[in-house]
Every structure is written in structure tokens, then in C-alpha cells.
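**Student:** Quick one, upload.tsv (TSV, C-alpha atoms and all ligand atoms):
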```tsv
chain	number	residue	atom	x	y	z
A	43	MET	CA	17.71	272.44	-21.87
A	44	ASN	CA	20.81	272.68	-19.67
A	45	GLY	CA	23.91	274.16	-21.30
A	46	GLU	CA	26.48	272.91	-18.79
A	47	TRP	CA	25.20	269.39	-18.92
A	48	HIS	CA	25.58	269.37	-22.65
A	49	ALA	CA	29.05	270.83	-22.39
A	50	ASP	CA	30.06	267.73	-20.43
A	51	GLU	CA	28.41	265.47	-22.92
A	52	GLU	CA	30.33	267.23	-25.66
A	53	ARG	CA	33.65	266.17	-24.18
A	54	LEU	CA	32.51	262.60	-23.71
A	55	LEU	CA	31.18	262.07	-27.19
A	56	ASP	CA	33.93	263.13	-29.49
A	57	ALA	CA	33.22	261.09	-32.59
A	58	PRO	CA	33.41	263.44	-35.60
A	59	THR	CA	30.09	262.27	-36.98
A	60	ILE	CA	28.05	263.13	-33.92
A	61	ARG	CA	30.00	265.99	-32.46
A	62	PRO	CA	28.42	268.88	-34.40
A	63	TYR	CA	24.98	267.68	-33.37
A	64	VAL	CA	26.01	267.52	-29.74
A	65	ILE	CA	27.45	271.02	-29.96
A	66	ALA	CA	24.25	272.26	-31.51
A	67	ARG	CA	22.13	270.85	-28.72
A	68	GLY	CA	24.23	272.59	-26.13
A	69	ARG	CA	24.15	276.01	-27.73
A	70	THR	CA	20.75	276.59	-29.14
A	71	GLU	CA	21.02	280.36	-28.81
A	72	ALA	CA	23.22	280.31	-31.89
A	73	GLN	CA	20.15	279.14	-33.81
A	74	ASP	CA	18.72	282.62	-33.53
A	75	ARG	CA	21.93	284.52	-34.09
A	76	PHE	CA	22.35	284.10	-37.82
A	77	ASP	CA	19.76	284.20	-40.54
A	78	LEU	CA	19.78	281.72	-43.43
A	79	ILE	CA	21.11	284.55	-45.58
A	80	SER	CA	23.66	285.98	-43.16
A	81	LEU	CA	26.93	286.13	-45.10
A	82	ALA	CA	30.19	284.79	-43.72
A	83	VAL	CA	33.66	285.47	-45.04
A	84	THR	CA	36.97	284.20	-43.73
A	85	VAL	CA	39.12	286.97	-42.26
A	86	ARG	CA	41.81	284.74	-40.73
A	87	PRO	CA	42.78	281.34	-42.13
A	88	THR	CA	43.17	278.42	-39.79
A	89	THR	CA	46.53	276.70	-39.42
A	90	GLY	CA	44.87	273.37	-38.79
A	91	THR	CA	46.39	273.14	-35.32
A	92	GLU	CA	43.85	275.22	-33.41
A	93	ILE	CA	42.38	273.54	-30.38
A	94	GLY	CA	38.65	272.98	-30.49
A	95	LEU	CA	38.14	273.38	-34.21
A	96	ASP	CA	36.48	270.43	-35.86
A	97	PRO	CA	36.94	269.39	-39.49
A	98	GLU	CA	33.58	271.04	-40.13
A	99	HIS	CA	34.91	274.34	-38.75
A	100	GLN	CA	37.96	274.06	-41.00
A	101	ALA	CA	35.76	273.27	-43.98
A	102	ILE	CA	33.74	276.45	-43.41
A	103	VAL	CA	36.87	278.56	-43.13
A	104	ARG	CA	38.14	277.14	-46.43
A	105	LEU	CA	34.78	277.54	-48.13
A	106	CYS	CA	34.26	281.16	-47.09
A	107	ARG	CA	37.18	282.70	-48.96
A	108	ARG	CA	34.39	284.56	-50.71
A	109	PRO	CA	31.24	285.61	-48.85
A	110	LEU	CA	28.71	282.78	-48.61
A	111	SER	CA	25.35	282.61	-46.89
A	112	VAL	CA	24.51	280.20	-44.10
A	113	ALA	CA	22.21	278.44	-46.57
A	114	GLU	CA	25.01	278.04	-49.14
A	115	ILE	CA	27.49	276.76	-46.57
A	116	ALA	CA	24.91	274.25	-45.38
A	117	ALA	CA	24.21	273.10	-48.92
A	118	HIS	CA	27.88	272.79	-49.90
A	119	LEU	CA	28.87	270.90	-46.74
A	120	ASP	CA	25.65	268.90	-46.64
A	121	LEU	CA	24.96	269.91	-43.04
A	122	PRO	CA	21.65	271.12	-41.59
A	123	ALA	CA	21.48	274.93	-41.44
A	124	GLY	CA	21.13	274.83	-37.65
A	125	ILE	CA	24.48	273.07	-37.31
A	126	VAL	CA	26.16	275.58	-39.62
A	127	ARG	CA	24.84	278.45	-37.47
A	128	VAL	CA	26.45	276.96	-34.39
A	129	LEU	CA	29.78	276.29	-36.09
A	130	LEU	CA	29.74	279.77	-37.56
A	131	GLY	CA	29.07	281.22	-34.12
A	132	ASP	CA	32.21	279.49	-32.84
A	133	LEU	CA	34.29	280.78	-35.76
A	134	PHE	CA	32.93	284.29	-35.37
A	135	ASP	CA	33.64	284.36	-31.65
A	136	ARG	CA	37.20	283.27	-32.32
A	137	GLY	CA	37.77	285.83	-35.06
A	138	PHE	CA	38.07	283.53	-38.04
A	139	VAL	CA	35.09	284.85	-39.93
A	140	ALA	CA	33.25	288.14	-40.30
A	141	VAL	CA	29.50	288.01	-40.65
A	142	GLN	CA	27.25	290.37	-42.56
A	143	GLN	CA	23.68	290.30	-41.29
A	144	PRO	CA	20.70	291.05	-43.53
A	145	GLN	CA	19.21	294.50	-43.80
A	146	PRO	CA	17.20	295.42	-40.72
A	147	GLU	CA	13.50	295.58	-41.48
A	148	MET	CA	13.59	299.33	-40.99
A	149	ASP	CA	16.57	300.99	-42.53
A	150	VAL	CA	17.22	304.54	-43.62
A	151	LEU	CA	19.15	303.32	-46.63
A	152	ASP	CA	16.26	301.27	-47.92
A	153	GLU	CA	15.34	303.64	-50.74
A	154	ARG	CA	18.82	303.26	-52.16
A	155	MET	CA	18.55	299.51	-51.75
A	156	TYR	CA	15.29	299.15	-53.66
A	157	LYS	CA	16.59	301.32	-56.50
A	158	ALA	CA	19.84	299.38	-56.74
A	159	VAL	CA	18.03	296.05	-56.75
A	160	LEU	CA	15.60	297.23	-59.44
A	161	ASP	CA	18.41	298.53	-61.62
A	162	GLY	CA	20.35	295.34	-61.06
A	163	LEU	CA	17.42	293.13	-62.04
A	164	ARG	CA	16.68	295.19	-65.12
A	165	ALA	CA	20.30	294.87	-66.20
A	166	LEU	CA	20.36	291.08	-65.87
B	9	MET	CA	16.10	291.12	-33.02
B	10	VAL	CA	19.78	290.47	-33.45
B	11	PHE	CA	20.48	292.31	-36.66
B	12	GLY	CA	23.76	294.14	-36.78
B	13	LEU	CA	25.21	292.56	-33.65
B	14	SER	CA	27.64	290.33	-35.40
B	15	GLU	CA	29.50	292.49	-37.85
B	16	SER	CA	33.14	292.34	-37.09
B	17	PRO	CA	34.28	295.88	-36.26
B	18	LYS	CA	37.85	295.01	-37.22
B	19	SER	CA	36.90	293.73	-40.63
B	20	PRO	CA	38.06	295.99	-43.45
B	21	LEU	CA	36.01	293.93	-45.88
B	22	LYS	CA	33.11	295.39	-47.74
B	23	MET	CA	30.51	292.68	-47.83
B	24	PRO	CA	27.35	292.77	-49.89
B	25	THR	CA	24.07	293.09	-48.02
B	26	PRO	CA	22.02	289.90	-48.39
B	27	ILE	CA	18.35	290.23	-49.31
B	28	LYS	CA	15.77	287.48	-49.16
B	29	LEU	CA	12.92	286.86	-51.60
B	30	LEU	CA	10.48	283.98	-51.37
B	31	ILE	CA	8.83	281.91	-54.07
B	32	ALA	CA	5.71	280.30	-52.64
B	33	GLY	CA	2.70	278.41	-53.95
B	34	GLY	CA	1.15	274.98	-54.02
B	35	PHE	CA	2.78	271.62	-54.58
B	36	GLY	CA	4.42	271.27	-57.98
B	37	VAL	CA	3.44	274.74	-59.19
B	38	GLY	CA	6.95	275.55	-60.44
B	39	LYS	CA	8.70	277.14	-57.45
B	40	THR	CA	11.98	275.31	-57.91
B	41	THR	CA	11.76	275.84	-61.67
B	42	MET	CA	11.48	279.59	-61.21
B	43	VAL	CA	14.33	279.70	-58.71
B	44	GLY	CA	16.51	277.81	-61.19
B	45	ALA	CA	15.51	280.02	-64.12
B	46	VAL	CA	16.67	283.25	-62.53
B	47	SER	CA	19.49	282.05	-60.28
B	48	GLU	CA	23.14	282.62	-61.21
B	49	ILE	CA	24.05	279.38	-59.44
B	50	ARG	CA	22.61	275.92	-59.81
B	51	PRO	CA	19.78	275.82	-57.26
B	52	LEU	CA	21.01	274.51	-53.94
B	53	ARG	CA	19.16	272.73	-51.20
B	54	THR	CA	19.37	273.39	-47.49
B	55	GLU	CA	17.66	271.70	-44.60
B	56	GLU	CA	16.11	273.03	-41.44
B	57	THR	CA	15.31	270.75	-38.57
B	58	LEU	CA	11.96	270.73	-36.86
B	59	THR	CA	12.70	270.65	-33.16
B	60	ASP	CA	10.79	271.03	-29.89
B	61	ARG	CA	10.41	274.76	-30.43
B	62	SER	CA	7.85	274.21	-33.16
B	63	VAL	CA	5.60	271.89	-31.20
B	64	GLY	CA	2.16	273.41	-31.11
B	65	VAL	CA	2.33	275.19	-34.45
B	66	ASP	CA	2.05	271.89	-36.15
B	67	ASP	CA	-0.75	269.40	-36.18
B	68	LEU	CA	1.39	266.34	-35.58
B	69	SER	CA	0.22	264.19	-32.69
B	70	GLY	CA	2.07	264.60	-29.40
B	71	VAL	CA	4.17	261.51	-29.92
B	72	GLU	CA	5.25	262.32	-33.44
B	73	ALA	CA	5.96	265.93	-32.57
B	74	LYS	CA	8.86	264.81	-30.40
B	75	ALA	CA	10.58	263.30	-33.40
B	76	THR	CA	12.86	265.47	-35.47
B	77	THR	CA	11.58	266.32	-38.91
B	78	THR	CA	13.69	267.80	-41.65
B	79	VAL	CA	12.38	270.32	-44.12
B	80	ALA	CA	14.28	270.94	-47.34
B	81	MET	CA	14.30	274.26	-49.18
B	82	ASP	CA	15.63	275.06	-52.61
B	83	PHE	CA	17.30	278.37	-53.16
B	84	GLY	CA	19.25	280.38	-55.70
B	85	ARG	CA	21.25	283.58	-55.82
B	86	ILE	CA	21.38	286.77	-57.91
B	87	SER	CA	24.27	289.18	-57.27
B	88	ILE	CA	23.41	292.84	-57.67
B	89	GLY	CA	26.80	294.46	-58.28
B	90	GLN	CA	29.10	294.58	-55.27
B	91	ASP	CA	26.54	295.88	-52.82
B	92	PHE	CA	23.64	293.45	-52.69
B	93	VAL	CA	22.97	289.78	-53.18
B	94	LEU	CA	19.47	288.39	-53.58
B	95	TYR	CA	18.64	284.95	-52.25
B	96	LEU	CA	15.49	283.33	-53.62
B	97	PHE	CA	13.95	280.62	-51.51
B	98	GLY	CA	11.32	278.21	-52.72
B	99	THR	CA	9.12	277.74	-49.65
B	100	PRO	CA	8.50	274.17	-48.58
B	101	GLY	CA	5.31	272.88	-50.13
B	102	GLN	CA	3.73	271.62	-46.95
B	103	GLU	CA	2.16	274.48	-45.07
B	104	ARG	CA	2.31	272.62	-41.80
B	105	PHE	CA	5.95	273.61	-41.62
B	106	TRP	CA	5.02	277.08	-40.48
B	107	PHE	CA	8.18	277.49	-38.48
B	108	VAL	CA	10.21	277.46	-41.68
B	109	TRP	CA	7.85	279.95	-43.28
B	110	ASP	CA	8.20	282.21	-40.27
B	111	GLU	CA	11.95	282.08	-40.42
B	112	LEU	CA	12.03	282.58	-44.18
B	113	SER	CA	9.64	285.52	-44.00
B	114	ARG	CA	11.52	287.32	-41.28
B	115	GLY	CA	13.25	290.23	-42.96
B	116	ALA	CA	12.20	289.07	-46.44
B	117	LEU	CA	11.77	291.87	-48.94
B	118	GLY	CA	8.77	290.15	-50.45
B	119	ALA	CA	7.28	287.02	-51.96
B	120	VAL	CA	6.08	285.66	-55.27
B	121	VAL	CA	3.01	283.45	-54.97
B	122	LEU	CA	2.93	281.12	-57.95
B	123	ALA	CA	-0.52	279.99	-59.02
B	124	ASP	CA	-1.76	277.33	-61.42
B	125	THR	CA	-5.25	278.12	-62.72
B	126	ARG	CA	-6.09	274.42	-62.82
B	127	ARG	CA	-5.53	274.22	-59.07
B	128	LEU	CA	-6.04	277.76	-57.91
B	129	ALA	CA	-7.00	276.82	-54.36
B	130	ASP	CA	-3.51	275.41	-53.81
B	131	CYS	CA	-2.13	278.91	-53.43
B	132	PHE	CA	-4.73	280.12	-50.90
B	133	PRO	CA	-2.59	279.21	-47.88
B	134	SER	CA	0.36	281.21	-49.28
B	135	VAL	CA	-1.81	284.24	-50.01
B	136	ASP	CA	-3.37	284.04	-46.54
B	137	TYR	CA	-0.01	283.68	-44.91
B	138	PHE	CA	1.62	286.71	-46.53
B	139	GLU	CA	-1.49	288.85	-46.08
B	140	ARG	CA	-1.59	288.05	-42.38
B	141	ARG	CA	2.11	288.61	-41.96
B	142	GLY	CA	2.16	291.80	-43.96
B	143	THR	CA	4.85	290.54	-46.34
B	144	PRO	CA	4.56	292.32	-49.71
B	145	PHE	CA	3.71	289.80	-52.41
B	146	VAL	CA	2.73	289.51	-56.05
B	147	VAL	CA	0.80	286.68	-57.68
B	148	ALA	CA	2.28	285.11	-60.81
B	149	VAL	CA	0.10	282.69	-62.76
B	150	ASN	CA	2.35	280.00	-64.19
B	151	CYS	CA	1.17	279.22	-67.71
B	152	PHE	CA	1.33	275.47	-68.05
B	153	GLU	CA	0.35	274.12	-71.45
B	154	GLY	CA	-3.22	272.91	-71.45
B	155	ALA	CA	-4.23	275.30	-68.72
B	156	GLN	CA	-7.15	277.44	-69.71
B	157	VAL	CA	-6.12	281.06	-69.95
B	158	PHE	CA	-8.24	283.00	-67.54
B	159	ASP	CA	-8.72	286.69	-67.39
B	160	LEU	CA	-6.34	287.94	-64.71
B	161	ASP	CA	-9.14	289.98	-63.14
B	162	GLU	CA	-11.10	286.76	-62.68
B	163	VAL	CA	-8.16	285.10	-60.99
B	164	LYS	CA	-7.73	288.12	-58.78
B	165	LEU	CA	-11.38	287.93	-57.80
B	166	ALA	CA	-11.18	284.21	-57.14
B	167	LEU	CA	-8.17	284.77	-54.89
B	168	ASN	CA	-9.91	287.69	-53.18
B	169	LEU	CA	-6.74	289.73	-53.56
B	170	GLY	CA	-6.39	293.26	-52.26
B	171	GLY	CA	-6.72	295.86	-55.01
B	172	ASP	CA	-3.05	296.80	-54.95
B	173	VAL	CA	-1.61	293.27	-55.19
B	174	PRO	CA	0.00	292.92	-58.63
B	175	ILE	CA	-0.96	289.85	-60.62
B	176	MET	CA	0.66	288.70	-63.85
B	177	LEU	CA	1.17	285.74	-66.14
B	178	CYS	CA	4.56	284.04	-66.20
B	179	ASP	CA	6.49	281.07	-67.47
B	180	ALA	CA	8.51	279.74	-64.56
B	181	ARG	CA	10.96	278.09	-66.95
B	182	LYS	CA	12.00	281.36	-68.61
B	183	ARG	CA	14.60	283.63	-67.12
B	184	GLU	CA	13.15	286.78	-68.74
B	185	SER	CA	9.73	285.98	-67.36
B	186	GLY	CA	11.02	285.29	-63.87
B	187	LYS	CA	13.02	288.48	-64.00
B	188	GLU	CA	9.91	290.50	-64.86
B	189	VAL	CA	8.04	288.95	-61.96
B	190	LEU	CA	10.87	289.87	-59.59
B	191	ILE	CA	10.95	293.44	-60.90
B	192	GLU	CA	7.20	293.76	-60.25
B	193	LEU	CA	7.72	292.37	-56.78
B	194	VAL	CA	10.51	294.78	-55.89
B	195	LYS	CA	8.50	297.73	-57.26
B	196	HIS	CA	5.51	296.65	-55.19
B	197	ALA	CA	7.61	296.09	-52.08
B	198	TYR	CA	9.14	299.53	-52.55
B	199	GLY	CA	5.71	301.11	-52.29
B	200	LYS	CA	4.99	299.03	-49.20
B	201	ARG	CA	8.30	299.53	-47.44
B	202	PRO	CA	8.05	300.34	-43.74
B	203	THR	CA	9.57	303.80	-44.05
B	204	ALA	CA	7.18	304.66	-46.89
B	205	THR	CA	4.20	304.28	-44.60
B	206	ALA	CA	5.86	305.35	-41.36
B	207	HIS	CA	6.62	308.91	-42.50
A	301	LIG	N1	4.88	273.06	-69.01
A	301	LIG	C1	5.37	273.66	-67.96
A	301	LIG	N2	5.91	272.92	-67.00
A	301	LIG	C2	6.40	273.52	-65.91
A	301	LIG	C3	6.37	274.91	-65.75
A	301	LIG	N3	6.91	275.23	-64.55
A	301	LIG	C4	7.26	274.07	-63.99
A	301	LIG	N4	6.97	273.03	-64.80
A	301	LIG	C5	7.17	271.60	-64.50
A	301	LIG	O1	6.33	271.26	-63.42
A	301	LIG	C6	6.97	270.34	-62.54
A	301	LIG	C7	7.03	270.87	-61.12
A	301	LIG	O2	7.87	272.01	-61.08
A	301	LIG	P1	8.72	272.36	-59.80
A	301	LIG	O3	9.50	273.59	-60.11
A	301	LIG	O4	9.48	271.20	-59.29
A	301	LIG	O5	7.58	272.71	-58.77
A	301	LIG	P2	7.72	273.05	-57.22
A	301	LIG	O6	6.69	274.09	-56.93
A	301	LIG	O7	9.11	273.35	-56.86
A	301	LIG	O8	7.29	271.66	-56.59
A	301	LIG	P3	7.38	271.21	-55.05
A	301	LIG	O9	8.65	271.78	-54.50
A	301	LIG	O10	7.39	269.73	-55.13
A	301	LIG	O11	6.14	271.74	-54.40
A	301	LIG	C8	8.35	270.10	-63.13
A	301	LIG	O12	8.30	268.91	-63.86
A	301	LIG	C9	8.57	271.29	-64.04
A	301	LIG	O13	9.42	270.98	-65.12
A	301	LIG	C10	5.82	275.70	-66.82
A	301	LIG	O14	5.76	276.91	-66.78
A	301	LIG	N5	5.32	275.02	-67.90
A	302	MG	MG	10.32	272.50	-55.33
```
Could you write out this structure as C-alpha cells?
Ligand SMILES: Nc1nc2c(ncn2[C@@H]2O[C@H](COP(=O)(O)OP(=O)(O)OP(=O)(O)O)[C@@H](O)[C@H]2O)c(=O)[nH]1
Ligand SMILES: [Mg+2]

**Tutor:**
Amino acid sequence: MNGEWHADEERLLDAPTIRPYVIARGRTEAQDRFDLISLAVTVRPTTGTEIGLDPEHQAIVRLCRRPLSVAEIAAHLDLPAGIVRVLLGDLFDRGFVAVQQPQPEMDVLDERMYKAVLDGLRAL
Amino acid sequence: MVFGLSESPKSPLKMPTPIKLLIAGGFGVGKTTMVGAVSEIRPLRTEETLTDRSVGVDDLSGVEAKATTTVAMDFGRISIGQDFVLYLFGTPGQERFWFVWDELSRGALGAVVLADTRRLADCFPSVDYFERRGTPFVVAVNCFEGAQVFDLDEVKLALNLGGDVPIMLCDARKRESGKEVLIELVKHAYGKRPTATAH
């Protein structure tokens, strides 16, 4: 897969319905950057006049006024999770959203985490 | 491993830490029902796309493997105060979608394997998968009406489960029951956590 070639293609094919898919094909590394449960929250609203932000980008920024996972964003916007990851990568790089990654598999805080989750479940 | 790379250093926001739990088991065993019973939101559906990267882990023929296949997953959410948020994913029923299982299992705290005693063999692939991967799991026998009630020790034997794997009865439609299963799972996972064995 050649990133530059797809970057050209991206400019040529600008129809809103296909554009996210084209973007996704050109930037597959974003697929591995966010987990399905990575949480995104908007830290800077868009004005709607930013160059290079698609309606899908804007929709994510509006949606993430409270922290939402990649999976939730995908479900609410009816987009495949892979596409959401790419769009989120763009928004993160441009400072519109902050992203909270899941707990690393090894974490010194894990004891606290298990206890909190157990207490939380018991209190449901 | 990319964990932790993407937190915005400038962000003053305190975000909850997301935690992933899986609900696995055979076709129609009640995975989505259980997700819905314990979730604080209506269960949502997300799709992952099967692309070139999964060719070879899948028994599709060469021609078909080039096509894009979409796998849908149901999921729900349970907020634990301000600090944590649990996401429960029903794993896709078809085990040939291993790439989704791999992604779902990465970093997961643990899994519930739902079993139906009338079709016990249906949960073998899930049990095998989590055993091989080392994901902590519990087995919950979903009590459908009309299903013969087996002794749990018999079920455990039939599944050839390790001695420490918890097994319990449940009703996937009931929130209390699902909650108890999740508590067992988290307790079990706590005992199996990496730092518990590493030190
Ligand atoms: N009687 C009874 N019915 C149940 C129970 N749990 C689930 N069901 C029913 O069984 C059917 C299948 O349940 P689902 O939750 O969709 O099962 P699933 O595992 O998500 O199914 P797939 O995703 O298709 O593999 C539904 O009609 C449920 O209403 C139970 O504990 N008792
Ligand atoms: Mg289902």
C-alpha cells in the first residue's frame, strides 16, 4: 500500500460519501492507533470553517462533548470503526480531541482498578 | 503497543479509564441478551471490516478473501463512578473472524463464556481461544427453559476446564444475574492479573 499515491487519489475523489473510505485506505496506520474502547472527548470546538475537516469530522467533534469510545462513535454515526479511527487520528493531530487509551496490560495501579470495578459492580 | 501515546498532555480533563470485557459463546446462546441486561445504554452495534491483513487466518478461498467482509459486534457500557467505564462486547458468533477476536481480546480484562447445556459443544471454540490466549474467563451456563439442569461439576468436566475456572448458572435476561457473573469474572481476573503472578 502506497501512502502518497492514495493522498493524490484523496484529492481527486472528493465526494462526501466515498471520501472517508479513501482517507482510510491511505492511512492504515491509524487502524492500530486507537482501540475500540479508546475514549475521545472534544477539547476544542470546530468553527465549521476549518480546511480539511469533513462533515464526519465535525460530527465527531459535536458528538464527543462527553467522552465516547471509538465503538460508540462508530455506532452513533453509523460508520465502520476503522473509519472512525482514521477520522479521530486527524482530529487528535489537530488538537480538537483528547484521547484516553485503555489501561496498559501491565499497570501498577491495577490493584486499585480491580477493587474499584468490583465495588462499582456490587453497587449497581 | 501504542498505549499511552495519544493522551493529550495539554488536556486538563480527567477522563475515565476504559476497560473491556467480552461475552463469548456459541450462536444464539444469549450474548446480546446479557450485554443488554447489564448495560446502562441500549446495546449498540459497531462494525469492523475484514481487510487484506486477515487473509490467512480465515478459511475463505483465495478469491473470496480479497473481498471485504464486515463483522458486527454488539456492545454495552457500565460506568464505574468517574474513574472507570466498562465496555462489554458480545463476540461475533462466527469463530472464523479471528481477527476481531484478537482485537477484542487485546487488553481485555476478561471474558464470560456463555454455555447452553443443550448445545455444550458450541462454546468449545471460545473456551479454547481464551485458554490459548491466556485471557481470564468464567463459564456461565445460561438457563433456558426446557434445558436439563446439569450438575455444574459435570459441565466443568465436559468442558475440560482448568480447576480454577469459575463456573456458574445464570439467566442472561436478568440484570442481577449478569451482574453476579461479572463480579465473579472480575474477582477471577484479579487473581490472574499479570502483576499478581509477576511478583
Ligand atoms: N428463555 C430464555 N431465552 C433466552 C435467554 N437468553 C437469551 N434468550 C433468547 O435467546 C435468543 C438468542 O439470544 P441472543 O442474546 O440474541 O443470543 P446471541 O448469543 O447474541 O446470538 P448471536 O449473536 O446470534 O450468536 C433470543 O431470542 C433471546 O431472547 C434465557 O436465559 N432464557
Ligand atoms: Mg448477538

**Student:** Can you work out the spacing between atom O13 of ligand LIG 301 (chain A) and CA of Gly118 in chain B in Å, to one decimal?

**Tutor:**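 Computing it gives 24.1 Å between the two atoms.
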
**Student:** Can you tell me which residues come within 12 Å of ligand LIG 301 (chain A) when counting only C-alpha atoms and all ligand atoms, ideally as an NGL selection string?

**Tutor:** :B and (30-45 or 51 or 53 or 79-83 or 97-103 or 120-125 or 130-131 or 148-155 or 177-183 or 185-186)

**Student:** Taking only C-alpha atoms and all ligand atoms into account, name the residue in B:Leu52, B:Met23, B:Val189, B:Leu167 that is nearest to ligand MG 302 (chain A).

**Tutor:**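 Among B:Leu52, B:Met23, B:Val189, B:Leu167, it is B:Leu52 that comes nearest to ligand MG 302 (chain A).
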
**Student:** Near range 160-165 of chain B, counting all atoms listed in the file, which residues have an atom at most 9 Å away, once you skip same-chain residues fewer than 5 positions from it, shown as an mmCIF file with C-alpha atoms, in the coordinates of the input?

**Tutor:**
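The file below, selection.cif, is the result:
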```cif
data_model
loop_
_atom_site.group_PDB
_atom_site.id
_atom_site.type_symbol
_atom_site.label_atom_id
_atom_site.label_comp_id
_atom_site.auth_asym_id
_atom_site.auth_seq_id
_atom_site.Cartn_x
_atom_site.Cartn_y
_atom_site.Cartn_z
ATOM 1 C CA THR B 125 -5.250 278.120 -62.720
ATOM 2 C CA LEU B 128 -6.040 277.760 -57.910
ATOM 3 C CA VAL B 147 0.800 286.680 -57.680
ATOM 4 C CA VAL B 149 0.100 282.690 -62.760
ATOM 5 C CA GLY B 170 -6.390 293.260 -52.260
ATOM 6 C CA GLY B 171 -6.720 295.860 -55.010
ATOM 7 C CA VAL B 173 -1.610 293.270 -55.190
ATOM 8 C CA ILE B 175 -0.960 289.850 -60.620
ATOM 9 C CA MET B 176 0.660 288.700 -63.850
ATOM 10 C CA LEU B 177 1.170 285.740 -66.140
#
```

**Student:** Starting from chain A, keep only residues with some atom at most 9 Å from an atom of chain B, counting all atoms listed in the file, and report them as a ChimeraX atom specification.

**Tutor:** /A:74-83,85,109,111,113-118,120-124,134,137,139-150,152-153,155-164,166

**Student:** Report, in Å to a single decimal, how far apart CA of His196 in chain B and CA of Gln156 in chain B are.

**Tutor:**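 Spanning CA of Gln156 in chain B to CA of His196 in chain B is a straight-line distance of 27.2 Å.
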
**Student:** What is the CA of Gly94 in chain A-CA of Arg108 in chain A distance in Å, reported with one decimal?

**Tutor:** 23.7 Å

**Student:** Using all atoms listed in the file, determine which residues lie at most 10 Å from Gly142 in chain B, disregarding the query and same-chain residues fewer than 4 positions distant; provide the list as a list in words.

**Tutor:**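 Using all atoms listed in the file, the neighbours found are Ser113, Gly118, Asp136, Tyr137, Phe138 and Lys200 of chain B.
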
**Student:** List as a list in words the protein and nucleic acid residues near Thr89 in chain A, meaning an atom at most 12 Å away when all atoms listed in the file are counted, but skip any in the same chain fewer than 4 places from it.

**Tutor:** Ile93, Leu95, His99, Gln100, Val103, Arg104 and Phe138 of chain A
